[in-house]
>>> print(open('final-v6.cif').read())   # mmCIF, C-alpha atoms and all ligand atoms
data_query
loop_
_atom_site.label_atom_id
_atom_site.label_comp_id
_atom_site.auth_asym_id
_atom_site.auth_seq_id
_atom_site.Cartn_x
_atom_site.Cartn_y
_atom_site.Cartn_z
CA MET A 1 -12.31 1.58 6.49
CA LEU A 2 -9.31 2.44 4.33
CA THR A 3 -8.53 5.86 2.88
CA MET A 4 -6.31 5.99 -0.18
CA ALA A 5 -4.96 9.25 -1.61
CA ILE A 6 -4.01 9.12 -5.30
CA ALA A 7 -1.93 11.68 -7.19
CA SER A 8 0.38 12.07 -10.17
CA CYS A 9 2.25 14.62 -12.26
CA SER A 10 4.39 16.83 -10.07
CA LYS A 11 6.88 19.20 -11.69
CA VAL A 12 8.99 20.42 -8.82
CA GLN A 13 11.19 22.72 -10.94
CA ASP A 14 8.03 24.70 -11.90
CA VAL A 15 5.88 24.33 -8.79
CA SER A 16 7.36 24.76 -5.34
CA PRO A 17 5.91 24.96 -2.77
CA GLN A 18 3.34 22.28 -3.58
CA PRO A 19 0.27 22.92 -1.39
CA ALA A 20 -1.73 19.81 -2.36
CA TRP A 21 0.44 17.55 -0.21
CA ALA A 22 -0.50 19.53 2.91
CA GLU A 23 -4.19 19.12 2.07
CA ILE A 24 -3.67 15.38 1.65
CA GLN A 25 -1.81 15.19 4.97
CA ALA A 26 -4.70 16.91 6.76
CA LEU A 27 -6.98 14.08 5.58
CA GLU A 28 -4.74 11.46 7.24
CA PRO A 29 -4.86 8.83 4.49
CA ASP A 30 -3.91 5.22 5.17
CA VAL A 31 -1.99 4.99 1.92
CA LEU A 32 -0.53 7.44 -0.59
CA LEU A 33 -0.46 6.11 -4.14
CA LEU A 34 1.76 8.06 -6.54
CA LEU A 35 0.79 7.17 -10.09
CA GLY A 36 3.80 8.42 -12.01
CA ASP A 37 5.35 11.53 -13.53
CA ASN A 38 6.40 12.10 -9.94
CA VAL A 39 9.21 14.24 -11.36
CA TYR A 40 9.73 15.64 -14.87
CA LEU A 41 12.97 15.10 -16.74
CA ARG A 42 14.19 18.30 -18.38
CA HIS A 43 15.53 16.33 -21.34
CA ASP A 44 13.41 13.80 -23.24
CA ASN A 45 16.11 12.25 -25.40
CA HIS A 46 18.62 10.74 -22.96
CA GLN A 47 20.77 8.02 -24.53
CA ASN A 48 23.46 7.82 -21.87
CA PRO A 49 22.52 5.85 -18.70
CA ASP A 50 24.81 7.92 -16.46
CA THR A 51 23.43 11.26 -17.62
CA LEU A 52 19.86 10.00 -17.28
CA ALA A 53 20.54 8.64 -13.79
CA ALA A 54 22.18 11.89 -12.67
CA GLU A 55 19.23 13.99 -13.80
CA LEU A 56 16.67 11.67 -12.22
CA ARG A 57 18.64 11.62 -8.97
CA GLU A 58 18.75 15.43 -8.84
CA LEU A 59 15.00 15.72 -9.52
CA TYR A 60 14.02 13.04 -6.99
CA ALA A 61 16.14 14.80 -4.38
CA LEU A 62 14.35 18.08 -5.14
CA GLN A 63 10.91 16.45 -4.93
CA LEU A 64 11.69 14.55 -1.73
CA ALA A 65 12.91 17.80 -0.16
CA GLU A 66 9.84 19.85 -1.14
CA PRO A 67 8.58 20.82 2.33
CA ASN A 68 4.90 19.81 1.97
CA PHE A 69 5.79 16.51 0.31
CA ALA A 70 8.50 15.76 2.87
CA ALA A 71 6.08 16.52 5.71
CA LEU A 72 3.43 14.21 4.23
CA LEU A 73 5.91 11.35 3.81
CA ALA A 74 7.19 11.87 7.38
CA ASP A 75 3.63 11.85 8.71
CA LEU A 76 2.74 8.65 6.83
CA HIS A 77 5.92 7.03 8.05
CA ALA A 78 5.29 8.09 11.67
CA ARG A 79 1.75 6.67 11.51
CA GLY A 80 3.00 3.40 9.99
CA LYS A 81 1.16 3.99 6.71
CA ASP A 82 2.16 3.04 3.18
CA VAL A 83 3.62 5.11 0.37
CA VAL A 84 3.23 3.24 -2.91
CA ALA A 85 4.72 4.67 -6.11
CA ILE A 86 5.30 3.84 -9.74
CA TYR A 87 6.86 5.84 -12.57
CA ASP A 88 5.41 6.97 -15.89
CA ASP A 89 7.28 8.43 -18.88
CA HIS A 90 8.59 11.75 -17.49
CA ASP A 91 10.22 10.08 -14.49
CA PHE A 92 11.56 7.18 -16.55
CA LEU A 93 12.95 8.02 -20.00
CA GLY A 94 11.14 11.21 -21.05
CA ASN A 95 7.95 12.19 -22.84
CA ASN A 96 6.19 9.22 -24.49
CA ARG A 97 9.30 6.99 -24.43
CA TYR A 98 9.17 3.26 -23.80
CA GLY A 99 11.61 0.88 -22.10
CA GLY A 100 11.11 -1.75 -24.79
CA ASP A 101 12.44 0.62 -27.44
CA VAL A 102 15.75 1.54 -25.75
CA SER A 103 18.86 -0.25 -24.52
CA ASP A 104 18.59 -2.43 -21.44
CA GLU A 105 21.26 -0.27 -19.72
CA LEU A 106 19.20 2.89 -20.19
CA ARG A 107 15.91 1.50 -18.86
CA ARG A 108 17.64 -0.24 -15.94
CA ALA A 109 19.36 3.04 -14.99
CA ALA A 110 15.97 4.78 -14.83
CA ARG A 111 14.39 2.00 -12.77
CA LYS A 112 17.31 1.97 -10.34
CA GLU A 113 16.90 5.67 -9.57
CA PHE A 114 13.18 5.17 -8.95
CA VAL A 115 13.92 2.27 -6.59
CA GLN A 116 16.44 4.35 -4.67
CA ALA A 117 14.00 7.26 -4.35
CA PHE A 118 10.83 5.37 -3.35
CA LYS A 119 12.09 1.97 -2.13
CA PRO A 120 9.20 -0.16 -3.45
CA VAL A 121 8.63 -3.66 -2.11
CA GLN A 122 10.27 -5.80 -4.80
CA SER A 123 10.56 -9.36 -5.89
CA GLY A 124 13.76 -9.54 -7.93
CA SER A 125 14.53 -6.46 -9.98
CA GLU A 126 10.97 -5.81 -11.19
CA VAL A 127 8.88 -3.04 -9.63
CA TYR A 128 5.41 -4.37 -10.40
CA ARG A 129 3.93 -5.86 -7.27
CA VAL A 130 0.87 -6.55 -5.13
CA GLN A 131 0.34 -4.85 -1.78
CA ARG A 132 -2.28 -6.18 0.61
CA LEU A 133 -3.95 -3.36 2.49
CA GLY A 134 -6.74 -5.12 4.36
CA LEU A 135 -9.94 -4.21 2.51
CA VAL A 136 -7.96 -3.61 -0.67
CA ASP A 137 -5.56 -5.71 -2.69
CA LEU A 138 -3.52 -3.17 -4.63
CA ILE A 139 -1.78 -4.36 -7.79
CA VAL A 140 0.81 -1.90 -9.06
CA LEU A 141 1.74 -2.34 -12.72
CA ASP A 142 4.90 -1.28 -14.50
CA VAL A 143 3.61 -0.09 -17.87
CA ARG A 144 6.90 1.53 -18.97
CA PHE A 145 9.78 -0.91 -18.63
CA HIS A 146 8.59 -3.63 -21.04
CA ARG A 147 6.38 -1.50 -23.30
CA THR A 148 7.16 -0.59 -26.89
CA SER A 149 5.67 2.09 -29.13
CA PRO A 150 2.06 1.34 -30.18
CA LEU A 151 3.30 1.45 -33.77
CA THR A 152 5.41 -1.67 -33.24
CA ALA A 153 3.14 -3.39 -30.69
CA GLY A 154 0.15 -3.62 -33.02
CA GLY A 155 -2.55 -5.91 -31.61
CA ASP A 156 -0.15 -7.94 -29.41
CA ARG A 157 -2.02 -9.25 -26.34
CA ASP A 158 1.22 -9.11 -24.33
CA ALA A 159 1.72 -5.40 -25.12
CA MET A 160 2.11 -2.78 -22.37
CA LEU A 161 3.33 -5.28 -19.73
CA GLY A 162 5.27 -8.00 -21.54
CA GLY A 163 4.40 -11.69 -21.34
CA THR A 164 5.84 -12.38 -17.88
CA GLN A 165 4.11 -9.45 -16.16
CA TRP A 166 0.81 -10.34 -17.89
CA GLN A 167 1.03 -13.90 -16.61
CA TRP A 168 1.83 -12.65 -13.11
CA LEU A 169 -1.10 -10.19 -13.24
CA GLU A 170 -3.61 -12.83 -14.28
CA GLN A 171 -2.39 -15.15 -11.52
CA GLN A 172 -2.69 -12.34 -8.94
CA VAL A 173 -6.19 -11.36 -10.03
CA ALA A 174 -7.23 -15.01 -9.72
CA VAL A 175 -6.02 -15.31 -6.11
CA CYS A 176 -6.79 -11.84 -4.71
CA SER A 177 -9.53 -12.24 -2.11
CA ALA A 178 -9.95 -8.78 -0.51
CA PRO A 179 -13.34 -7.07 -1.08
CA TYR A 180 -11.70 -4.55 -3.42
CA LEU A 181 -9.11 -5.01 -6.14
CA VAL A 182 -7.36 -1.83 -7.26
CA VAL A 183 -5.11 -2.03 -10.30
CA ALA A 184 -2.73 0.94 -10.56
CA SER A 185 -1.49 1.92 -14.01
CA SER A 186 0.37 5.15 -14.73
CA THR A 187 -1.10 5.25 -18.24
CA THR A 188 -4.88 5.59 -18.47
CA LEU A 189 -6.92 2.63 -19.68
CA HIS A 190 -9.34 4.77 -21.66
CA THR A 191 -8.28 7.54 -24.02
CA PHE A 192 -8.12 10.96 -22.35
CA ALA A 193 -4.93 12.30 -23.99
CA ASP A 194 -2.19 11.10 -26.35
CA GLU A 195 -1.36 7.85 -24.52
CA ALA A 196 -3.74 5.11 -23.34
CA TRP A 197 -4.15 1.35 -23.18
CA GLU A 198 -6.66 1.77 -26.00
CA GLN A 199 -3.72 2.39 -28.36
CA TYR A 200 -2.83 -1.27 -27.77
CA PRO A 201 -6.09 -3.02 -28.72
CA GLY A 202 -4.99 -6.57 -27.82
CA ALA A 203 -3.76 -5.56 -24.37
CA PHE A 204 -6.70 -3.19 -23.78
CA GLN A 205 -9.24 -5.93 -24.46
CA ARG A 206 -7.31 -8.39 -22.31
CA MET A 207 -7.39 -5.95 -19.37
CA VAL A 208 -11.09 -5.20 -19.88
CA ASN A 209 -11.89 -8.93 -19.94
CA LEU A 210 -9.86 -9.43 -16.76
CA LEU A 211 -11.59 -6.72 -14.71
CA LYS A 212 -15.02 -5.94 -16.13
CA ASP A 213 -17.08 -8.64 -14.41
CA ARG A 214 -15.09 -8.74 -11.22
CA LYS A 215 -16.94 -7.34 -8.23
CA GLY A 216 -15.04 -4.63 -6.37
CA ALA A 217 -12.44 -4.13 -9.13
CA LEU A 218 -11.34 -0.77 -10.44
CA LEU A 219 -8.35 0.74 -12.19
CA VAL A 220 -6.65 3.97 -11.09
CA SER A 221 -4.34 6.02 -13.30
CA GLY A 222 -2.68 9.41 -13.80
CA ASP A 223 -0.73 11.18 -16.55
CA VAL A 224 -3.36 13.36 -18.26
CA HIS A 225 -3.31 16.53 -16.10
CA ARG A 226 -6.90 16.31 -14.98
CA ASN A 227 -9.21 14.29 -12.79
CA ALA A 228 -11.75 12.00 -14.40
CA ALA A 229 -13.90 8.91 -13.98
CA TYR A 230 -15.06 6.59 -16.74
CA ASP A 231 -16.68 3.19 -17.11
CA ASP A 232 -17.86 2.79 -20.71
CA SER A 233 -15.80 -0.36 -21.32
CA GLY A 234 -17.28 -1.99 -18.22
CA VAL A 235 -14.16 -1.26 -16.15
CA ILE A 236 -14.35 1.61 -13.66
CA GLU A 237 -11.37 3.94 -14.09
CA ILE A 238 -10.54 6.74 -11.65
CA VAL A 239 -7.93 9.23 -12.90
CA SER A 240 -6.10 11.83 -10.87
CA SER A 241 -3.35 13.90 -12.40
CA ALA A 242 -1.61 17.29 -11.96
CA VAL A 243 -1.04 17.39 -8.23
CA ALA A 244 1.59 20.10 -8.80
CA ARG A 245 1.55 21.39 -12.37
CA ARG A 246 0.91 24.68 -14.09
CA GLY A 247 -1.53 24.88 -16.96
CA ILE A 248 0.19 25.31 -20.30
CA VAL A 249 -1.85 28.26 -21.58
CA PHE A 250 -2.61 30.48 -18.58
CA GLY A 251 -0.16 29.08 -16.06
CA ALA A 252 -2.79 28.34 -13.42
CA LEU A 253 -1.58 26.13 -10.58
CA ARG A 254 -3.28 22.77 -10.57
CA LYS A 255 -3.42 20.82 -7.36
CA ASN A 256 -5.50 17.79 -8.23
CA TYR A 257 -5.74 14.63 -6.19
CA GLY A 258 -8.23 11.93 -5.37
CA ILE A 259 -9.41 10.45 -2.10
CA LEU A 260 -10.83 6.92 -2.26
CA THR A 261 -12.54 5.72 0.90
CA PHE A 262 -13.25 2.00 1.04
CA ASP A 263 -15.47 0.35 3.61
CA ALA A 264 -17.03 -3.09 3.77
CA THR A 265 -20.00 -2.14 1.58
CA GLU A 266 -19.15 1.06 -0.28
CA LEU A 267 -16.45 2.95 -2.14
CA HIS A 268 -16.59 6.74 -1.90
CA VAL A 269 -14.54 8.71 -4.42
CA GLU A 270 -13.75 12.39 -4.09
CA LEU A 271 -11.76 14.10 -6.84
CA LYS A 272 -10.27 17.38 -5.71
CA SER A 273 -9.57 19.70 -8.59
CA LEU A 274 -8.49 23.22 -7.82
CA LYS A 275 -7.00 25.84 -10.05
CA VAL A 276 -5.71 28.97 -8.36
CA GLY A 277 -3.82 31.99 -9.63
CA CYS A 278 -5.27 31.84 -13.13
CA LYS A 279 -4.48 35.03 -15.00
CA ARG A 280 -6.80 36.49 -17.59
CA PRO A 281 -5.38 36.18 -21.07
CA VAL A 282 -3.93 39.34 -22.57
CA ILE A 283 -5.69 40.02 -25.83
CA PRO A 284 -3.53 42.16 -28.13
CA SER A 285 -5.30 45.25 -29.45
FE FE B 301 3.04 10.61 -18.41
#
>>> encode(input="final-v6.cif", output="structure tokens")
Amino acid sequence: MLTMAIASCSKVQDVSPQPAWAEIQALEPDVLLLLGDNVYLRHDNHQNPDTLAAELRELYALQLAEPNFAALLADLHARGKDVVAIYDDHDFLGNNRYGGDVSDELRRAARKEFVQAFKPVQSGSEVYRVQRLGLVDLIVLDVRFHRTSPLTAGGDRDAMLGGTQWQWLEQQVAVCSAPYLVVASSTTLHTFADEAWEQYPGAFQRMVNLLKDRKGALLVSGDVHRNAAYDDSGVIEIVSSAVARRGIVFGALRKNYGILTFDATELHVELKSLKVGCKRPVIPS
């Protein structure tokens, strides 16, 4: 059996303490998968690599020092378990920004801070990778570094990942032999909010074709501030987002996460979605 906790979207400058991490720790997962927006840049228009790096470094330090998060990471480490992370937009360049649309220096500065914070297993400088976890082969995609705006990508089949990462992904899917194949993407495959693979029709269809008939395959994602599950394209997608966020309208604390339990014959998915501290709206008389 393998228990995987999935989570994304943590805004430490707005939510601290972050109680969801303590709940996850109590469940003693075998792996923690952080699906991006693990911190939130305060500024979305960075052009200077040094300024961007300094802000990311400060935010990662805050997040890593948040007591519940730090305790969870320490517990996973002590038990010899994996922490697997990837960034999305808010912990890379800012809201809805893409590495393929900015200077190489800027996107490399963002990636370097992520690497220093979470120390992913790397081949070369790229952060996409495969991690073999027994029952599960986990493929972690980088859908930010090589991506451009959907307006310029059009129907390009290489969109979202770039040609080299696409080739690598298809090779990995062909050789993965574990009973389950989990593909981690910070951006959702299906449309739940303003960003999704569906905005890139060539890449979306290529991913659907790659995974839809493969037994034991699913995609996990974050970003959209809610939990969800969807399979209309033929690909199962499990979304968990807003592990430590406040709702925009009423300010309720969201502490959403997912627990995926894999055994030899069955996958059990539990999506925890709790809102506490919701205030009634004040209606002006
Ligand atoms: Fe995001």
>>> atom_distance(input="final-v6.cif", atom1="atom CA of A:Leu52", atom2="atom CA of A:Ala110")
7.0 Å
>>> residues_near_ligand(input="final-v6.cif", ligand="ligand FE 301 (chain B)", cutoff="6 Å", atoms="only C-alpha atoms and all ligand atoms", output="MDAnalysis selection string")
chainID A and resid 37 88:90 223
>>> atom_distance(input="final-v6.cif", atom1="atom CA of A:Gln25", atom2="atom CA of A:Asn68")
8.7 Å
>>> atom_distance(input="final-v6.cif", atom1="atom CA of A:Val220", atom2="atom CA of A:Met160")
15.8 Å
>>> residues_around(input="final-v6.cif", residues="A:Val12", least_positions_apart="2", cutoff="7 Å", atoms="all atoms listed in the file", output="list in words")
Ser10, Asp14, Val15, Ser16, Val39, Leu62 and Gln63 of chain A
>>> residues_around(input="final-v6.cif", residues="A:Lys272", least_positions_apart="3", cutoff="9 Å", atoms="only C-alpha atoms", output="mmCIF file with C-alpha atoms, in the coordinates of the input")
data_model
loop_
_atom_site.group_PDB
_atom_site.id
_atom_site.type_symbol
_atom_site.label_atom_id
_atom_site.label_comp_id
_atom_site.auth_asym_id
_atom_site.auth_seq_id
_atom_site.Cartn_x
_atom_site.Cartn_y
_atom_site.Cartn_z
ATOM 1 C CA ASN A 227 -9.210 14.290 -12.790
ATOM 2 C CA SER A 240 -6.100 11.830 -10.870
ATOM 3 C CA LYS A 255 -3.420 20.820 -7.360
ATOM 4 C CA ASN A 256 -5.500 17.790 -8.230
ATOM 5 C CA TYR A 257 -5.740 14.630 -6.190
ATOM 6 C CA GLY A 258 -8.230 11.930 -5.370
ATOM 7 C CA ILE A 259 -9.410 10.450 -2.100
#
>>> closest_residue(input="final-v6.cif", among="A:His268, A:Arg132, A:Lys119, A:Arg107", to="A:Arg147", atoms="only C-alpha atoms")
A:Arg107
>>> closest_residue(input="final-v6.cif", among="A:Leu32, A:Asp156, A:Arg254, A:Leu189", to="A:His77", atoms="all atoms listed in the file")
A:Leu32
>>> closest_residue(input="final-v6.cif", among="A:Leu181, A:Leu35, A:Ala264, A:Ala242", to="A:Val83", atoms="all atoms listed in the file")
A:Leu35
>>> build_atoms(input="final-v6.cif", residues="stretch 27-45 of chain A", atoms="N, CA and C atoms", output="PDB file, in the frame of the given file")
ATOM      1  N   LEU A  27      -5.932  15.111   5.674  1.00  0.00           N
ATOM      2  CA  LEU A  27      -6.980  14.080   5.580  1.00  0.00           C
ATOM      3  C   LEU A  27      -6.547  12.740   6.166  1.00  0.00           C
ATOM      4  N   GLU A  28      -5.296  12.656   6.578  1.00  0.00           N
ATOM      5  CA  GLU A  28      -4.740  11.460   7.240  1.00  0.00           C
ATOM      6  C   GLU A  28      -5.035  10.156   6.500  1.00  0.00           C
ATOM      7  N   PRO A  29      -4.602  10.064   5.240  1.00  0.00           N
ATOM      8  CA  PRO A  29      -4.860   8.830   4.490  1.00  0.00           C
ATOM      9  C   PRO A  29      -4.097   7.640   5.072  1.00  0.00           C
ATOM     10  N   ASP A  30      -4.598   6.450   4.750  1.00  0.00           N
ATOM     11  CA  ASP A  30      -3.910   5.220   5.170  1.00  0.00           C
ATOM     12  C   ASP A  30      -2.841   4.807   4.171  1.00  0.00           C
ATOM     13  N   VAL A  31      -2.992   5.290   2.944  1.00  0.00           N
ATOM     14  CA  VAL A  31      -1.990   4.990   1.920  1.00  0.00           C
ATOM     15  C   VAL A  31      -1.941   6.136   0.912  1.00  0.00           C
ATOM     16  N   LEU A  32      -0.728   6.461   0.481  1.00  0.00           N
ATOM     17  CA  LEU A  32      -0.530   7.440  -0.590  1.00  0.00           C
ATOM     18  C   LEU A  32      -0.060   6.682  -1.813  1.00  0.00           C
ATOM     19  N   LEU A  33      -0.812   6.791  -2.897  1.00  0.00           N
ATOM     20  CA  LEU A  33      -0.460   6.110  -4.140  1.00  0.00           C
ATOM     21  C   LEU A  33      -0.055   7.149  -5.177  1.00  0.00           C
ATOM     22  N   LEU A  34       1.215   7.118  -5.552  1.00  0.00           N
ATOM     23  CA  LEU A  34       1.760   8.060  -6.540  1.00  0.00           C
ATOM     24  C   LEU A  34       1.811   7.351  -7.887  1.00  0.00           C
ATOM     25  N   LEU A  35       1.056   7.899  -8.848  1.00  0.00           N
ATOM     26  CA  LEU A  35       0.790   7.170 -10.090  1.00  0.00           C
ATOM     27  C   LEU A  35       1.685   7.571 -11.247  1.00  0.00           C
ATOM     28  N   GLY A  36       2.827   8.170 -10.953  1.00  0.00           N
ATOM     29  CA  GLY A  36       3.800   8.420 -12.010  1.00  0.00           C
ATOM     30  C   GLY A  36       3.914   9.871 -12.431  1.00  0.00           C
ATOM     31  N   ASP A  37       4.955  10.157 -13.243  1.00  0.00           N
ATOM     32  CA  ASP A  37       5.350  11.530 -13.530  1.00  0.00           C
ATOM     33  C   ASP A  37       5.523  12.265 -12.193  1.00  0.00           C
ATOM     34  N   ASN A  38       6.183  11.548 -11.285  1.00  0.00           N
ATOM     35  CA  ASN A  38       6.400  12.100  -9.940  1.00  0.00           C
ATOM     36  C   ASN A  38       7.488  13.166  -9.964  1.00  0.00           C
ATOM     37  N   VAL A  39       8.332  13.121 -10.997  1.00  0.00           N
ATOM     38  CA  VAL A  39       9.210  14.240 -11.360  1.00  0.00           C
ATOM     39  C   VAL A  39       9.196  14.319 -12.886  1.00  0.00           C
ATOM     40  N   TYR A  40       9.697  15.440 -13.409  1.00  0.00           N
ATOM     41  CA  TYR A  40       9.730  15.640 -14.870  1.00  0.00           C
ATOM     42  C   TYR A  40      11.167  15.858 -15.334  1.00  0.00           C
ATOM     43  N   LEU A  41      11.659  14.908 -16.120  1.00  0.00           N
ATOM     44  CA  LEU A  41      12.970  15.100 -16.740  1.00  0.00           C
ATOM     45  C   LEU A  41      12.969  16.366 -17.592  1.00  0.00           C
ATOM     46  N   ARG A  42      14.073  17.096 -17.550  1.00  0.00           N
ATOM     47  CA  ARG A  42      14.190  18.300 -18.380  1.00  0.00           C
ATOM     48  C   ARG A  42      14.509  17.931 -19.824  1.00  0.00           C
ATOM     49  N   HIS A  43      15.140  16.775 -19.996  1.00  0.00           N
ATOM     50  CA  HIS A  43      15.530  16.330 -21.340  1.00  0.00           C
ATOM     51  C   HIS A  43      14.809  15.023 -21.666  1.00  0.00           C
ATOM     52  N   ASP A  44      14.217  14.973 -22.861  1.00  0.00           N
ATOM     53  CA  ASP A  44      13.410  13.800 -23.240  1.00  0.00           C
ATOM     54  C   ASP A  44      14.154  12.820 -24.135  1.00  0.00           C
ATOM     55  N   ASN A  45      15.423  13.089 -24.418  1.00  0.00           N
ATOM     56  CA  ASN A  45      16.110  12.250 -25.400  1.00  0.00           C
ATOM     57  C   ASN A  45      17.394  11.621 -24.849  1.00  0.00           C
TER      58      ASN A  45
END
